[in-house]
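*Asks:* This is the structure I have questions about; it appears just below.
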Amino acid sequence: MAGARSIIGGLTATGLATAAIVIGTPGDLPLESGLMETARPTASLIADAPDGDVCLSSELSFFAAAASGCLSKERIDSMRATPVIDNRGAAVAMELLHPSDPSKPARSVRTCADYARWSANGWYAATSREMRREAFFSRACGALSYLERAGSVFQTHFDGGRLSSVDVASLAEGASFGFMEAAAGPMNAADARQIRAGVWRIKAEGQSAYLQELAHADFNADGVGDILVFVAVRPDGGTASVGDVGFLTKETPNAPVRFRR
C-alpha cells in the first residue's frame, strides 16, 4: 500500500516522554509474549450489549483477573483494586519515592488504585527498573481510565464495532498515532495487515506498529462508536518499543480513521 508517513517520527519526538510507555525489549512486547492472543466477542454480543455495559473487542489481559465480553460499570470499577500484571502474567510490584523527602519510605504499588493515589501526589519511579515496571501500570491504568468514562454508542462507522483492513490502511495513511510527530518529506510505502484476531501491524520505513483492539464504545462523548486500542511501536530489529493507549475515531462511513487521546 502506498502512502504512509513515518510511523514513529523519531523516538525523541515532542511529547513522547510524557505520553508514551516504554515497554522494553522485543521479547517484552505484548504481541510477542502472547498477551495479544485475543478472545473476541461476536458481532451480536457487541450489538446487544446490556445498557451501560462496555463490550471488549479482545480479552483485557493487563490485570490478574482477565476480563472479556461486556463489562458492567461495577465490574470496571472493581478492576482498580485488581493487581496489574506484566506480559508474562506475573503480578507487578513497583516502588515509588517521595517527590522531595528521600527519608520517607518508598510506597509499594500493585494496583491502579495504588498508582493513582501516590502518583497524583508526586511520588515517582526513580530507577530504570521501576520505570520499566511503571510502564505496565501506565498501560493497564490508561486503558481502565478510558473504560471508566466510556459512553453508549448510538451509531458507529466501524462495521460490527471492529477494525477492517480498509480502516487500518486509512490509519496508516494518516501519519503519526498522536503521541509522535509525523515525519516531514515524501510519503513512503507501508504495509498494513491483520496478523491475528484483533491485532494489526503497520510497517513503514523500517518501523512497525502493533495495534490491539480493546473495546468499542463512545470515548469522546459524541455518541459515535470509537475503538479503544493499545499501540506498541518499535524500529524493526530494535531493542526497545514505545506505546500508548488511545482510541480510534471515524466520523462518517468514508471518513479517515484517526488516533486520539
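Convention: chains lettered A, B, ... in C-alpha cells order; per-chain residue numbering from 1; ligands numbered from 1 as shown.
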Please, which residues of range 125-239 of chain A, numbered as in this document, come out helix (DSSP H, G or I) from DSSP, as a VMD selection string?

*Replies:* chain A and resid 128 to 148 159 to 161 165 to 173

*Asks:* Dump N, CA, C and O atoms for the selected residues as a short mmCIF file (atom, residue, chain, number, x, y, z; two decimals), in the first residue's frame?

*Replies:*
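Result file follows (result23.cif):
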```cif
data_model
loop_
_atom_site.label_atom_id
_atom_site.label_comp_id
_atom_site.auth_asym_id
_atom_site.auth_seq_id
_atom_site.Cartn_x
_atom_site.Cartn_y
_atom_site.Cartn_z
N SER A 128 15.64 2.96 36.58
CA SER A 128 15.20 2.41 35.29
C SER A 128 14.39 1.14 35.50
O SER A 128 13.44 0.87 34.74
N ARG A 129 14.73 0.37 36.51
CA ARG A 129 13.97 -0.86 36.81
C ARG A 129 12.53 -0.51 37.17
O ARG A 129 11.59 -1.14 36.67
N GLU A 130 12.35 0.48 38.04
CA GLU A 130 11.00 0.86 38.44
C GLU A 130 10.25 1.53 37.29
O GLU A 130 9.03 1.38 37.16
N MET A 131 10.96 2.26 36.44
CA MET A 131 10.31 2.88 35.29
C MET A 131 9.78 1.82 34.33
O MET A 131 8.71 1.99 33.74
N ARG A 132 10.55 0.73 34.16
CA ARG A 132 10.06 -0.35 33.30
C ARG A 132 8.79 -0.98 33.90
O ARG A 132 7.86 -1.31 33.17
N ARG A 133 8.78 -1.11 35.21
CA ARG A 133 7.59 -1.64 35.86
C ARG A 133 6.42 -0.67 35.75
O ARG A 133 5.27 -1.07 35.59
N GLU A 134 6.73 0.62 35.83
CA GLU A 134 5.68 1.63 35.72
C GLU A 134 4.98 1.56 34.36
O GLU A 134 3.80 1.90 34.25
N ALA A 135 5.70 1.11 33.33
CA ALA A 135 5.10 1.01 32.01
C ALA A 135 3.85 0.15 32.02
O ALA A 135 2.86 0.44 31.34
N PHE A 136 3.85 -0.92 32.81
CA PHE A 136 2.69 -1.81 32.86
C PHE A 136 1.51 -1.13 33.55
O PHE A 136 0.35 -1.37 33.20
N PHE A 137 1.79 -0.26 34.52
CA PHE A 137 0.72 0.49 35.17
C PHE A 137 0.17 1.56 34.24
O PHE A 137 -1.04 1.79 34.19
N SER A 138 1.06 2.21 33.50
CA SER A 138 0.60 3.23 32.54
C SER A 138 -0.33 2.61 31.51
O SER A 138 -1.35 3.19 31.13
N ARG A 139 0.01 1.41 31.05
CA ARG A 139 -0.80 0.73 30.05
C ARG A 139 -2.14 0.28 30.63
O ARG A 139 -3.21 0.59 30.10
N ALA A 140 -2.08 -0.46 31.73
CA ALA A 140 -3.31 -1.01 32.32
C ALA A 140 -4.22 0.09 32.84
O ALA A 140 -5.43 0.09 32.57
N CYS A 141 -3.66 1.02 33.58
CA CYS A 141 -4.48 2.07 34.19
C CYS A 141 -4.95 3.07 33.15
O CYS A 141 -6.03 3.66 33.30
N GLY A 142 -4.16 3.25 32.09
CA GLY A 142 -4.61 4.10 31.00
C GLY A 142 -5.82 3.53 30.31
O GLY A 142 -6.81 4.23 30.04
N ALA A 143 -5.78 2.22 30.02
CA ALA A 143 -6.94 1.56 29.40
C ALA A 143 -8.14 1.62 30.33
O ALA A 143 -9.27 1.88 29.90
N LEU A 144 -7.91 1.39 31.61
CA LEU A 144 -9.01 1.39 32.58
C LEU A 144 -9.67 2.76 32.66
O LEU A 144 -10.90 2.87 32.77
N SER A 145 -8.87 3.82 32.59
CA SER A 145 -9.45 5.17 32.68
C SER A 145 -10.39 5.45 31.51
O SER A 145 -11.42 6.12 31.67
N TYR A 146 -10.05 4.92 30.33
CA TYR A 146 -10.95 5.08 29.18
C TYR A 146 -12.23 4.27 29.38
O TYR A 146 -13.34 4.74 29.09
N LEU A 147 -12.09 3.05 29.87
CA LEU A 147 -13.28 2.21 30.08
C LEU A 147 -14.21 2.83 31.11
O LEU A 147 -15.43 2.74 30.98
N GLU A 148 -13.65 3.49 32.10
CA GLU A 148 -14.48 4.09 33.15
C GLU A 148 -15.34 5.23 32.62
O GLU A 148 -16.44 5.46 33.12
N ASP A 159 -17.63 -1.31 11.22
CA ASP A 159 -18.51 -2.45 10.98
C ASP A 159 -18.41 -3.46 12.12
O ASP A 159 -17.34 -4.02 12.37
N GLY A 160 -19.53 -3.68 12.82
CA GLY A 160 -19.55 -4.61 13.93
C GLY A 160 -18.74 -4.15 15.12
O GLY A 160 -18.47 -4.94 16.04
N GLY A 161 -18.34 -2.88 15.15
CA GLY A 161 -17.54 -2.38 16.25
C GLY A 161 -16.08 -2.80 16.18
O GLY A 161 -15.37 -2.75 17.18
N SER A 165 -9.69 -4.00 7.27
CA SER A 165 -8.42 -3.72 6.59
C SER A 165 -8.43 -2.33 5.97
O SER A 165 -7.40 -1.65 5.92
N VAL A 166 -9.59 -1.89 5.52
CA VAL A 166 -9.70 -0.53 4.95
C VAL A 166 -9.46 0.51 6.03
O VAL A 166 -8.78 1.52 5.81
N ASP A 167 -10.00 0.27 7.24
CA ASP A 167 -9.79 1.20 8.35
C ASP A 167 -8.31 1.32 8.69
O ASP A 167 -7.79 2.41 8.91
N VAL A 168 -7.62 0.19 8.77
CA VAL A 168 -6.22 0.19 9.16
C VAL A 168 -5.36 0.84 8.07
O VAL A 168 -4.41 1.57 8.37
N ALA A 169 -5.72 0.62 6.81
CA ALA A 169 -5.00 1.28 5.72
C ALA A 169 -5.17 2.79 5.82
O ALA A 169 -4.22 3.55 5.63
N SER A 170 -6.38 3.22 6.17
CA SER A 170 -6.64 4.64 6.34
C SER A 170 -5.82 5.21 7.49
O SER A 170 -5.26 6.31 7.40
N LEU A 171 -5.74 4.46 8.57
CA LEU A 171 -4.95 4.89 9.72
C LEU A 171 -3.48 5.02 9.35
O LEU A 171 -2.80 5.99 9.72
N ALA A 172 -2.97 4.06 8.59
CA ALA A 172 -1.56 4.10 8.18
C ALA A 172 -1.26 5.33 7.33
O ALA A 172 -0.20 5.94 7.45
N GLU A 173 -2.21 5.71 6.50
CA GLU A 173 -2.00 6.86 5.63
C GLU A 173 -2.05 8.18 6.40
O GLU A 173 -1.61 9.20 5.90
#
```

*Asks:* Need the shell around range 52-55 of chain A: protein/DNA/RNA residues with any atom at most 7 Å away, counting only C-alpha atoms. Skip same-chain ones fewer than 4 positions apart. Format as JSON, numbers by chain?

*Replies:* {"A": [46, 69, 70, 71, 72, 73, 152, 215, 216, 217]}

*Asks:* Output the selection as a PDB file, in the first residue's frame - N, CA, C and O atoms for each residue.

*Replies:*
```
ATOM      1  N   ILE A  46     -21.651  -7.472  20.646  1.00  0.00           N
ATOM      2  CA  ILE A  46     -21.423  -6.035  20.624  1.00  0.00           C
ATOM      3  C   ILE A  46     -22.739  -5.296  20.404  1.00  0.00           C
ATOM      4  O   ILE A  46     -23.044  -4.313  21.065  1.00  0.00           O
ATOM      5  N   GLY A  69     -15.730 -10.134  27.052  1.00  0.00           N
ATOM      6  CA  GLY A  69     -17.160  -9.927  26.854  1.00  0.00           C
ATOM      7  C   GLY A  69     -17.568  -8.496  27.159  1.00  0.00           C
ATOM      8  O   GLY A  69     -16.816  -7.554  26.909  1.00  0.00           O
ATOM      9  N   CYS A  70     -18.755  -8.327  27.708  1.00  0.00           N
ATOM     10  CA  CYS A  70     -19.277  -6.994  28.045  1.00  0.00           C
ATOM     11  C   CYS A  70     -19.187  -6.785  29.550  1.00  0.00           C
ATOM     12  O   CYS A  70     -19.577  -7.649  30.334  1.00  0.00           O
ATOM     13  N   LEU A  71     -18.679  -5.629  29.949  1.00  0.00           N
ATOM     14  CA  LEU A  71     -18.423  -5.338  31.352  1.00  0.00           C
ATOM     15  C   LEU A  71     -19.374  -4.271  31.875  1.00  0.00           C
ATOM     16  O   LEU A  71     -19.585  -3.246  31.229  1.00  0.00           O
ATOM     17  N   SER A  72     -19.918  -4.517  33.055  1.00  0.00           N
ATOM     18  CA  SER A  72     -20.738  -3.508  33.713  1.00  0.00           C
ATOM     19  C   SER A  72     -19.827  -2.449  34.326  1.00  0.00           C
ATOM     20  O   SER A  72     -18.622  -2.668  34.516  1.00  0.00           O
ATOM     21  N   LYS A  73     -20.397  -1.300  34.660  1.00  0.00           N
ATOM     22  CA  LYS A  73     -19.619  -0.255  35.313  1.00  0.00           C
ATOM     23  C   LYS A  73     -19.063  -0.755  36.639  1.00  0.00           C
ATOM     24  O   LYS A  73     -17.948  -0.394  37.036  1.00  0.00           O
ATOM     25  N   SER A 152     -22.370   5.315  25.885  1.00  0.00           N
ATOM     26  CA  SER A 152     -23.167   4.482  24.993  1.00  0.00           C
ATOM     27  C   SER A 152     -22.991   4.918  23.547  1.00  0.00           C
ATOM     28  O   SER A 152     -22.774   6.097  23.246  1.00  0.00           O
ATOM     29  N   ALA A 215     -11.718  -2.300  22.996  1.00  0.00           N
ATOM     30  CA  ALA A 215     -13.151  -2.139  23.259  1.00  0.00           C
ATOM     31  C   ALA A 215     -13.765  -1.199  22.241  1.00  0.00           C
ATOM     32  O   ALA A 215     -13.086  -0.351  21.655  1.00  0.00           O
ATOM     33  N   HIS A 216     -15.079  -1.360  22.050  1.00  0.00           N
ATOM     34  CA  HIS A 216     -15.853  -0.471  21.185  1.00  0.00           C
ATOM     35  C   HIS A 216     -16.865   0.260  22.050  1.00  0.00           C
ATOM     36  O   HIS A 216     -17.696  -0.361  22.707  1.00  0.00           O
ATOM     37  N   ALA A 217     -16.761   1.587  22.089  1.00  0.00           N
ATOM     38  CA  ALA A 217     -17.670   2.419  22.883  1.00  0.00           C
ATOM     39  C   ALA A 217     -17.489   3.861  22.414  1.00  0.00           C
ATOM     40  O   ALA A 217     -16.726   4.129  21.476  1.00  0.00           O
TER      41      ALA A 217
END
```

*Asks:* Figure out the distance between CA of Arg149 in chain A and CA of Glu74 in chain A, please, to one decimal in Å.

*Replies:*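 If I compute the distance from CA of Glu74 in chain A to CA of Arg149 in chain A, I get 12.4 Å.
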
*Asks:* Measuring atom to atom with only C-alpha atoms, identify which of A:Thr156, A:Gln207, A:Thr127, A:Ser58 is nearest to Leu248 in chain A.

*Replies:*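 Distance minimum relative to Leu248 in chain A lands on A:Thr156.
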
*Asks:* Go ahead and compute the interatomic distance for CA of Val257 in chain A and CA of Met79 in chain A, in Å to one decimal.

*Replies:*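 Between CA of Val257 in chain A and CA of Met79 in chain A the gap is 29.4 Å.
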
*Asks:* So how many Å separate CA of Ala65 in chain A and CA of Ile85 in chain A, to one decimal?

*Replies:* 9.3 Å

*Asks:* Do a neighbour search on Ala125 in chain A at 7 Å with only C-alpha atoms, toss out local chain neighbours closer than 6 positions, and write the hits as a PyMOL selection string.

*Replies:* chain A and resi 95-97+131

*Asks:* Generate the output file for the selected residues, N, CA, C and O atoms, as a CSV table (one decimal), in the first residue's frame.

*Replies:*
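Final output, saved to selection37.csv:
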```csv
chain,number,residue,atom,x,y,z
A,95,GLU,N,7.9,0.3,43.3
A,95,GLU,CA,8.2,1.2,44.4
A,95,GLU,C,8.3,2.7,43.9
A,95,GLU,O,9.0,2.9,43.0
A,96,LEU,N,7.6,3.6,44.6
A,96,LEU,CA,7.6,5.0,44.3
A,96,LEU,C,8.2,5.8,45.4
A,96,LEU,O,8.0,5.5,46.6
A,97,LEU,N,9.0,6.8,45.1
A,97,LEU,CA,9.7,7.6,46.1
A,97,LEU,C,9.0,8.9,46.3
A,97,LEU,O,8.4,9.4,45.3
A,131,MET,N,11.0,2.3,36.4
A,131,MET,CA,10.3,2.9,35.3
A,131,MET,C,9.8,1.8,34.3
A,131,MET,O,8.7,2.0,33.7
```

*Asks:* Please list as a VMD selection string every residue within 9 Å of Pro99 in chain A, counting only C-alpha atoms and excluding residues in the same chain fewer than 4 positions away.

*Replies:* chain A and resid 121 to 124

*Asks:* Export, as a PDB file, in the first residue's frame, the selected residues with N, CA, C and O atoms.

*Replies:*
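Result file follows (result.pdb):
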```pdb
ATOM      1  N   ASN A 121       0.128  12.520  43.969  1.00  0.00           N
ATOM      2  CA  ASN A 121       0.801  13.340  44.971  1.00  0.00           C
ATOM      3  C   ASN A 121       2.291  13.512  44.693  1.00  0.00           C
ATOM      4  O   ASN A 121       3.047  13.935  45.564  1.00  0.00           O
ATOM      5  N   GLY A 122       2.701  13.147  43.472  1.00  0.00           N
ATOM      6  CA  GLY A 122       4.067  13.415  43.053  1.00  0.00           C
ATOM      7  C   GLY A 122       5.074  12.310  43.312  1.00  0.00           C
ATOM      8  O   GLY A 122       6.256  12.454  42.967  1.00  0.00           O
ATOM      9  N   TRP A 123       4.644  11.193  43.921  1.00  0.00           N
ATOM     10  CA  TRP A 123       5.569  10.084  44.124  1.00  0.00           C
ATOM     11  C   TRP A 123       5.960   9.526  42.755  1.00  0.00           C
ATOM     12  O   TRP A 123       5.142   9.487  41.826  1.00  0.00           O
ATOM     13  N   TYR A 124       7.189   9.080  42.620  1.00  0.00           N
ATOM     14  CA  TYR A 124       7.692   8.747  41.284  1.00  0.00           C
ATOM     15  C   TYR A 124       8.606   7.526  41.304  1.00  0.00           C
ATOM     16  O   TYR A 124       9.157   7.139  42.346  1.00  0.00           O
TER      17      TYR A 124
END
```
